[in-house]
There are 2 protein chains.
Amino acid sequence: MTISLEEPLVTTAHKRQIAGTDPRTGEPLSSTADETDTSALDEVVAVAAAAAVGLVALGRLGRARLLRRLAEAVEAHRADLVAIADTETGLGTARLDGELTRTVFQLSFFAEVLDEGSYLEATIDPAADTPMGPRPDLRRMLVPGGPVAVFGASNFPFAFSVPGGDTVSALAAGCPVVVKAHGSHPATSLLAYQVLRDAARESGAPEGAIGIVFGRKAGEALVSHPAICAVGFTGSLSGGRALLAAIGRRPEPIPFYGELSSLNPLVVTAAAAAEKAEEIGAGVVASVTGSAGQLCTKPGLILIPVGAEGDKVVAAAVSAMADVQAGPLLNDRIHASYQQDTDLLRSAAGVSVLAHGMAGDESGFRVRALLVGVDASQVSAPVFEEYFGPAAVVVRYRSIEELTAVLGQLPASLTATVHLGSGERPDELLTTLGSLAGRIVFDGFPTGVSVSWAQHHGGPWPASNSVHTSVGATAIRRFLRPLTWQNAPGAVLPAELHDGATSIPRRVNGVLQLPSRSD
Amino acid sequence: MTISLEEPLVTTAHKRQIAGTDPRTGEPLSSTADETDTSALDEVVAVAAAAAVGLVALGRLGRARLLRRLAEAVEAHRADLVAIADTETGLGTARLDGELTRTVFQLSFFAEVLDEGSYLEATIDPAADTPMGPRPDLRRMLVPGGPVAVFGASNFPFAFSVPGGDTVSALAAGCPVVVKAHGSHPATSLLAYQVLRDAARESGAPEGAIGIVFGRKAGEALVSHPAICAVGFTGSLSGGRALLAAIGRRPEPIPFYGELSSLNPLVVTAAAAAEKAEEIGAGVVASVTGSAGQLCTKPGLILIPVGAEGDKVVAAAVSAMADVQAGPLLNDRIHASYQQDTDLLRSAAGVSVLAHGMAGDESGFRVRALLVGVDASQVSAPVFEEYFGPAAVVVRYRSIEELTAVLGQLPASLTATVHLGSGERPDELLTTLGSLAGRIVFDGFPTGVSVSWAQHHGGPWPASNSVHTSVGATAIRRFLRPLTWQNAPGAVLPAELHDGATSIPRRVNGVLQLPSRSD
């Protein structure tokens, strides 16, 4: 499929082109985008920086309206977006339809977050005498931190790319966004950008509230640009490290919010194995192989007890693997890494193959799913790697001590999952799992990340920076900074810090107060 | 004055000693502490890491009791602490008494923050159907991030050192603390540590909840230690950069919260100059020269309009300078830098000396205060430096354009101050000042930082990392990370996430709810 690009990003004739590849054939696609050169990038960032004042002027409720308009626009272009993304990613239209629904939901959800207003952390300390002496009138609120660079992810062409969570939470905060499109889906990115830009224009948002650049060099130049104030990144550990190093070379370092790598251990206790071996075995395989294993919350390390009950879990998983079709990976780099890295895994000490997915069509970037096994006493470094694709390692453990020893060697993850027997409550194990991840999943599977108020998608390094999420309401916190007004005349304060009734929760003199009126 | 150190930190005979210097004489003091070597540091950190579980087990209310007990202990040792700190810092007992009061207040204040419980951001999303499909039960709360390294500051031997804001907010969060004592006040640090440690022991806190190390090498080793999970730092830009580089070399980078450098511009409008020249001129000098100019919020750049009204402000400042006695700087390095850097400032293009403080006793590290002037059309790099000591630059501006042009060249600061005429509301100027700082002060002076719910002590780089504060209730947020429980059995959830009535504010199904019972 070829899309007609509405306009070229840059008009010069000799630009390097960025083209996607059809993962089902391995053939390059004809739809392309121009790589963004330095002068074009400067212009995109300058327009974004100029949009900052206008986004603030829209106000909280104006930005909520903007987000709802963007949601409508993305929904209105569903068919085109899904079709082109399927061509560039091979993820399939069912999965991409679901992802688009998630993306639209996310836009509306952040409109609700803006309406509600708690995210401002509005706080008023009236002048008072304190044990420290007289205190002036202090009023604090979170304000936008300035233009944000957002790096699209290969595996979510919508929900973690141009119209995705980083973009939406930054716009909600009042920050202009410049997206660095992922090289695997340039045409999807360009179309999504055009949809957002046109809808933003129609709804009166300032020009430049959303911008886009293409190409790896443009990405590095973007995080180094003095007008960029924060970075949202979902991608590889090495990619994240490179951007962090570029930020370290800036005269003024900026916050980097990276979601980088995650092994997502899943522990099955002996009691759970005894109670529901079939359900766990089949569920694990579905979670490992969905979207061809290219989800950041894919369970990569499955810890199953040695013995007859554990054997049943493994048998159920092996049986489920027989029905897993070879799925296409996203691009040639991911395809080559998967082949090479799983070859190394297979030959690691003590590792044996438990099952492959179906053989058959392995054209394009398709790969067979893989389940390997190793005894807890023989684990080595390759067992603790993240394999981006439909592969997982089963580790068999003999005792809680052996389980704990393996968990003690793991890097932190986005999630940790545990299957328990009814009434079982292994406190120490749960404490360990909580220290290893940002989300503990009980008796389920970690793939599938709801967008909600209580969601956390993050965790200690290398899962992410450890103190903020990239999914859910509080993702907005990353792109805000506190500002305190001391003894300010009422007229210069933002509406949310005025005396009297307000429509948002506030803390006054240390006491949290619910809204006293509706807007 | 010599204190008898209760015990040596390390018993080996040939340790390098760290001794303070009497700033009033420049002579070394006899009280010393041993430099911490690698094996001693490993032990301190190991004990701290082991204390983490115990601090969590104390619970929110148990930690509040601990902080109140620490406050009592610091108060009980007021006389000794102030006396030894005066000897090592030369700040004077009046100032140090005030600082100790602040430190005690801060300990009690964070106990209130714990009692109140909002800081947990407790959030419950019950299982539900959503436009994205079924949502599991998700419950989110902030949990301690692990052991914290705290770097004591030279200029606040209590409030930003061993018993200071970083230590208190980390302990409140449930994180063990290892303080790297500042080399200028080792004996004060050791005594404060002993006071806290003994009080913590008495109140049943786990051993190692508070540790201490001495020496520059120990500081770098501390931030590089795998068990340390975050760093709180108040100090120089170069020191902060060095620690950031060390963190960048870690296999697992950790959050660094630095408060580094701040120019604190203060703008006087023509209308304000016309209304209250005397008050502003005298107030500026008091703010510039208090604590010998060694406050991070000292106004370093004073922008005053050209003309007769502005002249009156300058005249009042010059007149006030005549009464400023030479005060001792904290150590020889700060003393040497001040002398050398202000010499360069004096000889910078267009800069002329407006006034000196009193001549007379310049023994030890005492220096005379300095006020220089420059025309806005002639500003150059030395005008935008922070001079750590009793010096400030007056910039005379002819127009709003000239004022804006100067502000456009400034690095970000902790504070920006503006003196306005009655009813004056210069929106663009206020927007500019808000973008330059974390706190905007109206018709006052930036020194004096209240500890309260609405305080913000931070700002874009190089003032600090831009998104969190080091003073006030939300300083605790730096040392917490989110954790989400998915479909967890009630029995494994922390009390704050149980169904039913609670004593803290929570968000349930998106709706913020006030406490429904008291503990």
# chains A, B, ... in the order shown; residues from 1 in each chain; ligands from 1

call {"tool": "residues_around", "arguments": {"residues": "A:Pro505", "least_positions_apart": "4", "cutoff": "6 Å", "atoms": "only C-alpha atoms", "output": "list in words"}}
result
Ser118, Gln513, Leu514 and Pro515 of chain A

call {"tool": "interface_residues", "arguments": {"of": "chain B", "to": "chain A", "cutoff": "8 Å", "atoms": "only C-alpha atoms", "output": "PyMOL selection string"}}
result
chain B and resi 98+101-102+105+123-125+131-132+135-136+138-140+252-255+425+427+434+437-443+450+452-456+459+461-462+465-469+478+480-489+491-492+509-510+512-514

call {"tool": "select_by_dssp", "arguments": {"residues": "stretch 164-340 of chain B", "states": "alpha helix (DSSP H)", "output": "PyMOL selection string"}}
result
chain B and resi 165-173+186-202+216-224+237-248+270-289+308-321+332-340

call {"tool": "residues_around", "arguments": {"residues": "stretch 397-400 of chain B", "least_positions_apart": "6", "cutoff": "9 Å", "atoms": "only C-alpha atoms", "output": "list in words"}}
result
Leu303, Ile304, Pro305, Val306, Gly307, Asp375, Ala376, Ser377, Val406 and Leu429 of chain B

call {"tool": "closest_residue", "arguments": {"among": "A:Val374, A:Cys296, A:Ala64, A:Ala369", "to": "A:Gly350", "atoms": "only C-alpha atoms"}}
result
A:Val374

call {"tool": "residues_around", "arguments": {"residues": "B:Leu190", "least_positions_apart": "2", "cutoff": "8 Å", "atoms": "only C-alpha atoms", "output": "list in words"}}
result
Leu5, Ala33, Ala181, Pro186, Ala187, Thr188, Ala192, Tyr193, Gln194 and Ile212 of chain B

call {"tool": "closest_residue", "arguments": {"among": "B:Ile247, B:Ala57, B:Ala85, B:Ala326", "to": "B:Gly204", "atoms": "only C-alpha atoms"}}
result
B:Ala57

call {"tool": "residues_around", "arguments": {"residues": "B:Pro147", "least_positions_apart": "2", "cutoff": "8 Å", "atoms": "only C-alpha atoms", "output": "PyMOL selection string"}}
result
chain B and resi 48-49+52+145+149+175-178+227-230

call {"tool": "write_last_selection", "arguments": {"atoms": "C-alpha atoms", "output": "PDB file, in the first residue's frame"}}
result
ATOM      1  CA  ALA B  48      21.808   1.098  56.103  1.00  0.00           C
ATOM      2  CA  ALA B  49      20.507  -1.286  53.441  1.00  0.00           C
ATOM      3  CA  ALA B  52      15.246  -0.552  55.028  1.00  0.00           C
ATOM      4  CA  GLY B 145      12.909   3.915  47.052  1.00  0.00           C
ATOM      5  CA  ALA B 149      22.930   9.369  50.174  1.00  0.00           C
ATOM      6  CA  CYS B 175      14.496   5.284  53.402  1.00  0.00           C
ATOM      7  CA  PRO B 176      17.671   4.762  55.439  1.00  0.00           C
ATOM      8  CA  VAL B 177      20.094   7.678  55.079  1.00  0.00           C
ATOM      9  CA  VAL B 178      23.868   7.802  54.804  1.00  0.00           C
ATOM     10  CA  ALA B 227      22.897  -0.253  47.439  1.00  0.00           C
ATOM     11  CA  ILE B 228      22.353   3.515  47.275  1.00  0.00           C
ATOM     12  CA  CYS B 229      19.098   4.321  45.456  1.00  0.00           C
ATOM     13  CA  ALA B 230      18.980   8.140  45.335  1.00  0.00           C
TER      14      ALA B 230
END

call {"tool": "select_by_dssp", "arguments": {"residues": "stretch 20-128 of chain B", "states": "strand (DSSP E or B)", "output": "PyMOL selection string"}}
result
chain B and resi 20-22+27-34+123-125+128

call {"tool": "write_last_selection", "arguments": {"atoms": "N, CA and C atoms", "output": "compact mmCIF listing (two decimals), in the first residue's frame"}}
result
# COMPACT_ATOMS: atom_id res chain seq x y z
N GLY B 20 38.04 20.68 60.94
CA GLY B 20 37.51 21.96 60.55
C GLY B 20 38.53 23.06 60.80
N THR B 21 38.16 24.27 60.40
CA THR B 21 39.02 25.43 60.61
C THR B 21 38.15 26.50 61.25
N ASP B 22 38.73 27.25 62.15
CA ASP B 22 37.99 28.36 62.74
C ASP B 22 37.97 29.52 61.74
N GLU B 27 42.65 29.29 61.73
CA GLU B 27 43.46 28.23 62.35
C GLU B 27 42.68 26.90 62.38
N PRO B 28 43.38 25.79 62.16
CA PRO B 28 42.70 24.49 62.23
C PRO B 28 42.19 24.21 63.64
N LEU B 29 41.07 23.52 63.73
CA LEU B 29 40.49 23.16 65.02
C LEU B 29 40.98 21.77 65.43
N SER B 30 40.98 21.53 66.72
CA SER B 30 41.53 20.26 67.19
C SER B 30 40.54 19.11 67.09
N SER B 31 39.26 19.42 66.99
CA SER B 31 38.28 18.34 66.86
C SER B 31 38.32 17.81 65.43
N THR B 32 38.40 16.52 65.30
CA THR B 32 38.52 15.92 63.97
C THR B 32 37.62 14.72 63.83
N ALA B 33 37.48 14.26 62.60
CA ALA B 33 36.82 12.98 62.34
C ALA B 33 37.71 12.20 61.39
N ASP B 34 37.62 10.89 61.46
CA ASP B 34 38.42 10.06 60.56
C ASP B 34 37.79 10.03 59.17
N THR B 123 -4.35 5.19 45.76
CA THR B 123 -5.32 5.22 44.66
C THR B 123 -5.86 3.81 44.41
N ILE B 124 -7.16 3.72 44.35
CA ILE B 124 -7.80 2.42 44.10
C ILE B 124 -8.70 2.50 42.88
N ASP B 125 -8.41 1.69 41.88
CA ASP B 125 -9.30 1.54 40.73
C ASP B 125 -9.89 0.14 40.79
N ALA B 128 -13.34 -3.09 36.55
CA ALA B 128 -14.46 -2.45 35.86
C ALA B 128 -14.36 -2.71 34.37

call {"tool": "atom_distance", "arguments": {"atom1": "atom CA of A:Glu207", "atom2": "atom CA of A:Val45"}}
result
11.6 Å

call {"tool": "atom_distance", "arguments": {"atom1": "atom CA of A:Ser363", "atom2": "atom CA of A:Thr93"}}
result
19.1 Å

call {"tool": "atom_distance", "arguments": {"atom1": "atom CA of B:Ser352", "atom2": "atom CA of B:Ala317"}}
result
14.9 Å

call {"tool": "decode", "arguments": {"residues": "stretch 473-486 of chain A", "atoms": "all heavy atoms", "output": "PDB file, in the first residue's frame"}}
result
ATOM      1  N   ALA A 473      -2.716   8.236  34.937  1.00  0.00           N
ATOM      2  CA  ALA A 473      -2.927   9.663  35.208  1.00  0.00           C
ATOM      3  C   ALA A 473      -1.657  10.387  35.621  1.00  0.00           C
ATOM      4  O   ALA A 473      -1.390  11.509  35.185  1.00  0.00           O
ATOM      5  CB  ALA A 473      -3.984   9.815  36.302  1.00  0.00           C
ATOM      6  N   THR A 474      -0.842   9.760  36.456  1.00  0.00           N
ATOM      7  CA  THR A 474       0.300  10.491  37.006  1.00  0.00           C
ATOM      8  C   THR A 474       1.462  10.629  36.020  1.00  0.00           C
ATOM      9  O   THR A 474       2.462  11.256  36.347  1.00  0.00           O
ATOM     10  CB  THR A 474       0.789   9.858  38.326  1.00  0.00           C
ATOM     11  OG1 THR A 474       1.172   8.511  38.069  1.00  0.00           O
ATOM     12  CG2 THR A 474      -0.285   9.910  39.397  1.00  0.00           C
ATOM     13  N   ALA A 475       1.320  10.086  34.813  1.00  0.00           N
ATOM     14  CA  ALA A 475       2.337  10.316  33.779  1.00  0.00           C
ATOM     15  C   ALA A 475       2.490  11.811  33.510  1.00  0.00           C
ATOM     16  O   ALA A 475       3.553  12.271  33.080  1.00  0.00           O
ATOM     17  CB  ALA A 475       1.966   9.579  32.492  1.00  0.00           C
ATOM     18  N   ILE A 476       1.452  12.585  33.770  1.00  0.00           N
ATOM     19  CA  ILE A 476       1.494  14.031  33.540  1.00  0.00           C
ATOM     20  C   ILE A 476       2.528  14.704  34.448  1.00  0.00           C
ATOM     21  O   ILE A 476       3.094  15.743  34.087  1.00  0.00           O
ATOM     22  CB  ILE A 476       0.084  14.647  33.747  1.00  0.00           C
ATOM     23  CG1 ILE A 476      -0.002  16.060  33.168  1.00  0.00           C
ATOM     24  CG2 ILE A 476      -0.305  14.641  35.219  1.00  0.00           C
ATOM     25  CD1 ILE A 476      -1.417  16.632  33.200  1.00  0.00           C
ATOM     26  N   ARG A 477       2.800  14.084  35.605  1.00  0.00           N
ATOM     27  CA  ARG A 477       3.701  14.720  36.580  1.00  0.00           C
ATOM     28  C   ARG A 477       5.104  14.929  36.006  1.00  0.00           C
ATOM     29  O   ARG A 477       5.834  15.825  36.427  1.00  0.00           O
ATOM     30  CB  ARG A 477       3.758  13.867  37.858  1.00  0.00           C
ATOM     31  CG  ARG A 477       4.618  14.424  38.987  1.00  0.00           C
ATOM     32  CD  ARG A 477       4.110  15.752  39.491  1.00  0.00           C
ATOM     33  NE  ARG A 477       4.966  16.358  40.508  1.00  0.00           N
ATOM     34  CZ  ARG A 477       6.042  17.080  40.248  1.00  0.00           C
ATOM     35  NH1 ARG A 477       6.421  17.292  38.995  1.00  0.00           N
ATOM     36  NH2 ARG A 477       6.748  17.608  41.236  1.00  0.00           N
ATOM     37  N   ARG A 478       5.482  14.072  35.052  1.00  0.00           N
ATOM     38  CA  ARG A 478       6.837  14.161  34.478  1.00  0.00           C
ATOM     39  C   ARG A 478       7.107  15.484  33.780  1.00  0.00           C
ATOM     40  O   ARG A 478       8.252  15.913  33.665  1.00  0.00           O
ATOM     41  CB  ARG A 478       7.040  13.023  33.460  1.00  0.00           C
ATOM     42  CG  ARG A 478       6.882  11.643  34.051  1.00  0.00           C
ATOM     43  CD  ARG A 478       6.933  10.591  32.958  1.00  0.00           C
ATOM     44  NE  ARG A 478       5.811  10.723  32.025  1.00  0.00           N
ATOM     45  CZ  ARG A 478       5.750  10.133  30.842  1.00  0.00           C
ATOM     46  NH1 ARG A 478       6.739   9.369  30.417  1.00  0.00           N
ATOM     47  NH2 ARG A 478       4.683  10.288  30.079  1.00  0.00           N
ATOM     48  N   PHE A 479       6.049  16.118  33.286  1.00  0.00           N
ATOM     49  CA  PHE A 479       6.254  17.274  32.432  1.00  0.00           C
ATOM     50  C   PHE A 479       5.832  18.582  33.109  1.00  0.00           C
ATOM     51  O   PHE A 479       5.637  19.600  32.464  1.00  0.00           O
ATOM     52  CB  PHE A 479       5.519  17.054  31.102  1.00  0.00           C
ATOM     53  CG  PHE A 479       5.948  15.760  30.436  1.00  0.00           C
ATOM     54  CD1 PHE A 479       5.027  14.776  30.099  1.00  0.00           C
ATOM     55  CD2 PHE A 479       7.295  15.517  30.187  1.00  0.00           C
ATOM     56  CE1 PHE A 479       5.439  13.580  29.512  1.00  0.00           C
ATOM     57  CE2 PHE A 479       7.727  14.330  29.603  1.00  0.00           C
ATOM     58  CZ  PHE A 479       6.793  13.360  29.264  1.00  0.00           C
ATOM     59  N   LEU A 480       5.707  18.508  34.429  1.00  0.00           N
ATOM     60  CA  LEU A 480       5.327  19.682  35.222  1.00  0.00           C
ATOM     61  C   LEU A 480       6.442  19.997  36.206  1.00  0.00           C
ATOM     62  O   LEU A 480       7.187  19.112  36.617  1.00  0.00           O
ATOM     63  CB  LEU A 480       4.043  19.372  35.988  1.00  0.00           C
ATOM     64  CG  LEU A 480       2.800  19.128  35.132  1.00  0.00           C
ATOM     65  CD1 LEU A 480       1.723  18.408  35.928  1.00  0.00           C
ATOM     66  CD2 LEU A 480       2.259  20.443  34.581  1.00  0.00           C
ATOM     67  N   ARG A 481       6.513  21.257  36.614  1.00  0.00           N
ATOM     68  CA  ARG A 481       7.448  21.627  37.675  1.00  0.00           C
ATOM     69  C   ARG A 481       6.700  22.527  38.654  1.00  0.00           C
ATOM     70  O   ARG A 481       5.755  23.221  38.276  1.00  0.00           O
ATOM     71  CB  ARG A 481       8.676  22.339  37.106  1.00  0.00           C
ATOM     72  CG  ARG A 481       8.372  23.699  36.510  1.00  0.00           C
ATOM     73  CD  ARG A 481       9.623  24.366  35.924  1.00  0.00           C
ATOM     74  NE  ARG A 481       9.256  25.637  35.309  1.00  0.00           N
ATOM     75  CZ  ARG A 481       9.310  26.822  35.924  1.00  0.00           C
ATOM     76  NH1 ARG A 481       9.724  26.897  37.176  1.00  0.00           N
ATOM     77  NH2 ARG A 481       8.942  27.923  35.303  1.00  0.00           N
ATOM     78  N   PRO A 482       7.111  22.518  39.928  1.00  0.00           N
ATOM     79  CA  PRO A 482       6.414  23.368  40.892  1.00  0.00           C
ATOM     80  C   PRO A 482       6.812  24.839  40.730  1.00  0.00           C
ATOM     81  O   PRO A 482       7.947  25.144  40.354  1.00  0.00           O
ATOM     82  CB  PRO A 482       6.921  22.847  42.248  1.00  0.00           C
ATOM     83  CG  PRO A 482       7.665  21.572  41.962  1.00  0.00           C
ATOM     84  CD  PRO A 482       8.135  21.667  40.553  1.00  0.00           C
ATOM     85  N   LEU A 483       5.875  25.710  41.005  1.00  0.00           N
ATOM     86  CA  LEU A 483       6.171  27.136  41.078  1.00  0.00           C
ATOM     87  C   LEU A 483       5.426  27.675  42.296  1.00  0.00           C
ATOM     88  O   LEU A 483       4.239  27.384  42.486  1.00  0.00           O
ATOM     89  CB  LEU A 483       5.727  27.855  39.800  1.00  0.00           C
ATOM     90  CG  LEU A 483       6.055  29.340  39.678  1.00  0.00           C
ATOM     91  CD1 LEU A 483       7.555  29.606  39.800  1.00  0.00           C
ATOM     92  CD2 LEU A 483       5.556  29.892  38.336  1.00  0.00           C
ATOM     93  N   THR A 484       6.141  28.434  43.127  1.00  0.00           N
ATOM     94  CA  THR A 484       5.525  29.004  44.319  1.00  0.00           C
ATOM     95  C   THR A 484       5.515  30.527  44.205  1.00  0.00           C
ATOM     96  O   THR A 484       6.517  31.124  43.816  1.00  0.00           O
ATOM     97  CB  THR A 484       6.280  28.556  45.589  1.00  0.00           C
ATOM     98  OG1 THR A 484       6.031  27.159  45.800  1.00  0.00           O
ATOM     99  CG2 THR A 484       5.824  29.331  46.822  1.00  0.00           C
ATOM    100  N   TRP A 485       4.349  31.105  44.518  1.00  0.00           N
ATOM    101  CA  TRP A 485       4.201  32.556  44.547  1.00  0.00           C
ATOM    102  C   TRP A 485       4.243  33.002  46.012  1.00  0.00           C
ATOM    103  O   TRP A 485       3.495  32.469  46.844  1.00  0.00           O
ATOM    104  CB  TRP A 485       2.852  32.958  43.950  1.00  0.00           C
ATOM    105  CG  TRP A 485       2.714  32.848  42.460  1.00  0.00           C
ATOM    106  CD1 TRP A 485       2.746  33.869  41.561  1.00  0.00           C
ATOM    107  CD2 TRP A 485       2.464  31.664  41.683  1.00  0.00           C
ATOM    108  NE1 TRP A 485       2.555  33.393  40.284  1.00  0.00           N
ATOM    109  CE2 TRP A 485       2.384  32.045  40.321  1.00  0.00           C
ATOM    110  CE3 TRP A 485       2.327  30.299  41.984  1.00  0.00           C
ATOM    111  CZ2 TRP A 485       2.151  31.131  39.283  1.00  0.00           C
ATOM    112  CZ3 TRP A 485       2.107  29.385  40.955  1.00  0.00           C
ATOM    113  CH2 TRP A 485       2.024  29.804  39.635  1.00  0.00           C
ATOM    114  N   GLN A 486       5.112  33.943  46.317  1.00  0.00           N
ATOM    115  CA  GLN A 486       5.233  34.418  47.699  1.00  0.00           C
ATOM    116  C   GLN A 486       4.677  35.835  47.807  1.00  0.00           C
ATOM    117  O   GLN A 486       5.147  36.747  47.120  1.00  0.00           O
ATOM    118  CB  GLN A 486       6.706  34.383  48.128  1.00  0.00           C
ATOM    119  CG  GLN A 486       6.941  34.924  49.545  1.00  0.00           C
ATOM    120  CD  GLN A 486       8.369  34.698  50.032  1.00  0.00           C
ATOM    121  OE1 GLN A 486       8.970  33.669  49.735  1.00  0.00           O
ATOM    122  NE2 GLN A 486       8.911  35.655  50.774  1.00  0.00           N
TER     123      GLN A 486
END
